[in-house]
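Take a look at the structure set out below.
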Amino acid sequence: MNRYIKPDKVAAPPLQSTRLLDQVRERIRYLHYSLQTEKAYLHWARFFIRWHGRDGKMRHPRDMGKADVEAFLTMLADERQVSPATHRQALNALLFLYRQVLDQDLPWLQSIGRPPERKRIPVVLTTGEVQSVLALMDGVEGLLARMLYGTGMRLAEGLSLRVKDIDFDRHVVIVRSGKGDKDRVVMLPRALVVPLRDQLMRSRALWAADRAAGRSGVYMPHALDAKYPRAGQTWAWQWVYPAPHLSVDPRSGVERRHHLFEERLGRQLKRAVSQAGIAKHVTVHTLRHSFATHLLQSGTDIRTVQELLGHSDVSTTMIYTHVLKVAAGGTASPLDALAA
């Protein structure tokens, strides 16, 4: 998701929609923001309007000003006690609403303060803990978890893999349109070659059944569906991890086969962590944190890790060096000196 909206307004054609939320949706899609960003910005725009209209007097955001925006953000911080990241997301959504949709780049928009971004040390599993957790996971979720840990991909990147993105000959995986809409190359763990080929056989069976039934092809990014009308029905564009059931595309309304539902992996990972007796707050993203930490621990250059993770700035990758310092425990406590 775009965390910061640039102050310069993007030149865009006049909006065709008449309803405000439809205008927000139209502008987001014109700028090619992700579906997650679209859902988040629509949520905050709707929440902002309804919160100010809680007394029954609904007002259009065009008729509100700095005091209204600050009151809403204050409520989020004081009453809802949202995290700084959520607070910034709400602010970004409102800035987008005023600048890109309402075409208002008012001076007070620049003066609204942002909560400071805090760097938190990520939760990281030890190699033994990773081994214990993965041993308790099976099926397609187990394979996906191994791939995320073995490559450092984000969950959305792993789920969005297409058949054409797997190169068994060079043992690499091409990550398309990662965070920031950037492509990168990561390693394909040799331990996953056989199970991944088996997964592709299962995926091909679903693909063949869809083709035999005359179903719509998979989702194609950007305007590729118009440029190559039949590409979405080809094997090369099929999902590596397809969903077992069809679903309706929320943007086009077309019923087609999407990739695996995101929460499936999270649920099985949570069960595995509990069964392994690990007392840490583990999420799917913890596998990515563990990947980076274990690479640095084995002596991999930090610039290489930065490229594998797709970080724009090495300072982002540096957070894992702090994890290593904590894990190393190289500094003795004065309490141990007393015991001696």
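Residue numbering restarts at 1 in every chain; chains get A, B, ... in the order shown in the structure tokens, and ligands count up from 1 in that same order.
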#### Entry: Who sits within 9 Å of region 239-252 of chain A, only C-alpha atoms, same chain under 5 positions skipped, as a VMD selection string
chain A and resid 35 140 144 158 to 163 165 to 166 196 199 to 200 203 to 204 206 to 207 218 to 219 257 to 261
### Query
Hey, what's within 6 Å of region 87-99 of chain A if we count only C-alpha atoms and toss same-chain stuff fewer than 5 positions away? As number ranges by chain, please?
A: 41, 44, 104-105
Quick one: residues within 9 Å of Phe48 (chain A), only C-alpha atoms counted, chain neighbours fewer than 4 positions away excluded, as a PDB file with N, CA, C and O atoms, in the first residue's frame?
```
ATOM      1  N   HIS A  43     -12.600   2.848   2.878  1.00  0.00           N
ATOM      2  CA  HIS A  43     -13.014   2.681   4.276  1.00  0.00           C
ATOM      3  C   HIS A  43     -12.844   3.983   5.047  1.00  0.00           C
ATOM      4  O   HIS A  43     -13.760   4.418   5.760  1.00  0.00           O
ATOM      5  N   TRP A  44     -11.668   4.630   4.910  1.00  0.00           N
ATOM      6  CA  TRP A  44     -11.408   5.844   5.676  1.00  0.00           C
ATOM      7  C   TRP A  44     -12.262   7.014   5.192  1.00  0.00           C
ATOM      8  O   TRP A  44     -12.715   7.827   6.010  1.00  0.00           O
ATOM      9  N   HIS A  52     -18.451  12.341  11.161  1.00  0.00           N
ATOM     10  CA  HIS A  52     -18.877  13.727  11.280  1.00  0.00           C
ATOM     11  C   HIS A  52     -20.393  13.872  11.124  1.00  0.00           C
ATOM     12  O   HIS A  52     -20.948  14.897  11.530  1.00  0.00           O
ATOM     13  N   GLY A  53     -21.035  12.865  10.567  1.00  0.00           N
ATOM     14  CA  GLY A  53     -22.491  12.917  10.430  1.00  0.00           C
ATOM     15  C   GLY A  53     -23.219  12.096  11.461  1.00  0.00           C
ATOM     16  O   GLY A  53     -24.391  11.769  11.300  1.00  0.00           O
ATOM     17  N   PRO A  61     -17.399  16.273   2.306  1.00  0.00           N
ATOM     18  CA  PRO A  61     -16.036  16.670   2.675  1.00  0.00           C
ATOM     19  C   PRO A  61     -15.617  18.015   2.097  1.00  0.00           C
ATOM     20  O   PRO A  61     -14.775  18.708   2.678  1.00  0.00           O
ATOM     21  N   VAL A  69     -10.829  17.613   9.837  1.00  0.00           N
ATOM     22  CA  VAL A  69      -9.855  16.543   9.604  1.00  0.00           C
ATOM     23  C   VAL A  69      -9.057  16.270  10.882  1.00  0.00           C
ATOM     24  O   VAL A  69      -8.863  15.118  11.277  1.00  0.00           O
ATOM     25  N   PHE A  72     -11.093  14.380  13.487  1.00  0.00           N
ATOM     26  CA  PHE A  72     -11.210  12.963  13.139  1.00  0.00           C
ATOM     27  C   PHE A  72      -9.930  12.213  13.497  1.00  0.00           C
ATOM     28  O   PHE A  72      -9.976  11.135  14.106  1.00  0.00           O
ATOM     29  N   LEU A  94      -7.257  10.641   3.541  1.00  0.00           N
ATOM     30  CA  LEU A  94      -7.943  11.936   3.501  1.00  0.00           C
ATOM     31  C   LEU A  94      -7.211  12.919   2.585  1.00  0.00           C
ATOM     32  O   LEU A  94      -7.852  13.705   1.868  1.00  0.00           O
TER      33      LEU A  94
END
```
### Query
Can you tell me, as a ChimeraX atom specification, what residues are no more than 8 Å from Thr317 (chain A) when counting only C-alpha atoms, ignoring any on the same chain fewer than 3 positions away?
/A:302,305-306,311,313-314,320-321
Give me, as CSV, each residue of region 102-140 of chain A that comes within 12 Å of region 150-154 of chain A, together with its shortest interatomic pair and the distance in Å at one decimal, counting only C-alpha atoms, with rows ordered by chain and rising residue number.
```
residue,atom,partner,partner_atom,distance
A:Thr127,CA,A:Gly150,CA,11.8
A:Val130,CA,A:Gly150,CA,10.7
A:Gln131,CA,A:Gly150,CA,11.7
A:Leu134,CA,A:Gly150,CA,11.3
```
### Message
If we count only C-alpha atoms and set the cut-off at 10 Å, which residues sit around Lys270 (chain A), ignoring sequence neighbours fewer than 4 positions away in its own chain? Please answer as a ChimeraX atom specification.
### Response
/A:133,265-266,274-276,281-284
Restricted to N, CA and C atoms, what would the selected residues look like written as an mmCIF file, in the first residue's frame?
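Below is the file that was written, again.cif:
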```cif
data_model
loop_
_atom_site.group_PDB
_atom_site.id
_atom_site.type_symbol
_atom_site.label_atom_id
_atom_site.label_comp_id
_atom_site.auth_asym_id
_atom_site.auth_seq_id
_atom_site.Cartn_x
_atom_site.Cartn_y
_atom_site.Cartn_z
ATOM 1 N N VAL A 133 8.026 -25.573 13.196
ATOM 2 C CA VAL A 133 6.759 -25.073 12.661
ATOM 3 C C VAL A 133 6.472 -25.673 11.291
ATOM 4 N N LEU A 265 -3.233 -19.621 4.822
ATOM 5 C CA LEU A 265 -1.892 -19.860 5.356
ATOM 6 C C LEU A 265 -1.768 -19.355 6.783
ATOM 7 N N GLY A 266 -2.333 -18.194 7.062
ATOM 8 C CA GLY A 266 -2.253 -17.636 8.409
ATOM 9 C C GLY A 266 -2.873 -18.542 9.451
ATOM 10 N N SER A 274 1.254 -22.843 17.695
ATOM 11 C CA SER A 274 0.693 -23.262 18.975
ATOM 12 C C SER A 274 1.107 -24.696 19.309
ATOM 13 N N GLN A 275 1.041 -25.586 18.320
ATOM 14 C CA GLN A 275 1.409 -26.982 18.550
ATOM 15 C C GLN A 275 2.894 -27.132 18.862
ATOM 16 N N ALA A 276 3.714 -26.246 18.293
ATOM 17 C CA ALA A 276 5.154 -26.306 18.543
ATOM 18 C C ALA A 276 5.528 -25.705 19.895
ATOM 19 N N HIS A 281 4.678 -13.924 19.043
ATOM 20 C CA HIS A 281 3.595 -13.463 18.163
ATOM 21 C C HIS A 281 4.042 -13.657 16.714
ATOM 22 N N VAL A 282 3.695 -14.795 16.154
ATOM 23 C CA VAL A 282 4.158 -15.169 14.819
ATOM 24 C C VAL A 282 3.057 -14.926 13.794
ATOM 25 N N THR A 283 3.403 -14.236 12.718
ATOM 26 C CA THR A 283 2.514 -14.051 11.573
ATOM 27 C C THR A 283 3.228 -14.588 10.344
ATOM 28 N N VAL A 284 2.541 -14.565 9.214
ATOM 29 C CA VAL A 284 3.160 -15.015 7.969
ATOM 30 C C VAL A 284 4.393 -14.179 7.662
#
```
### Task
From region 51-294 of chain A, collect each residue whose DSSP state is strand (DSSP E) and return the set as a list in words.
Ile166, Asp167, Val172, Val173, Ile174, Val175, Arg184, Val185, Val186, Met187, Ser247, Val248, Glu255 and Arg256 of chain A
### Summary
From CA of Ile121 (chain A) to CA of Gln297 (chain A) the spacing works out at 15.9 Å
### Message
Taking the DSSP secondary structure from the backbone, can you list the residues of region 124-324 of chain A that are helix (DSSP H, G or I), as an MDAnalysis selection string?
### Response
chainID A and resid 127:135 139:151 155:159 163:165 190:212 224:227 231:233 235:237 262:275 284:297 302:309 314:317 319:324
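The nearest approach to Glu117 (chain A) among the residues A:Ala145, A:Val175, A:Ala85, A:Ile278, with only C-alpha atoms taken into account, belongs to A:Ala85.
Picture a line from CA of Thr316 (chain A) to CA of Arg120 (chain A); it runs 11.2 Å.
Between CA of Pro122 (chain A) and CA of Lys182 (chain A) there is a distance of 23.2 Å.
Take the candidates A:Pro115, A:Leu15, A:Val124, A:Asp22 and check each one against Phe291 (chain A) using only C-alpha atoms; the shortest distance goes to A:Val124.
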## Note on the structure
Judged by only C-alpha atoms, the minimum distance to Ile28 (chain A) among A:Leu295, A:Leu42, A:Ala213, A:Ala135 is found for A:Leu42
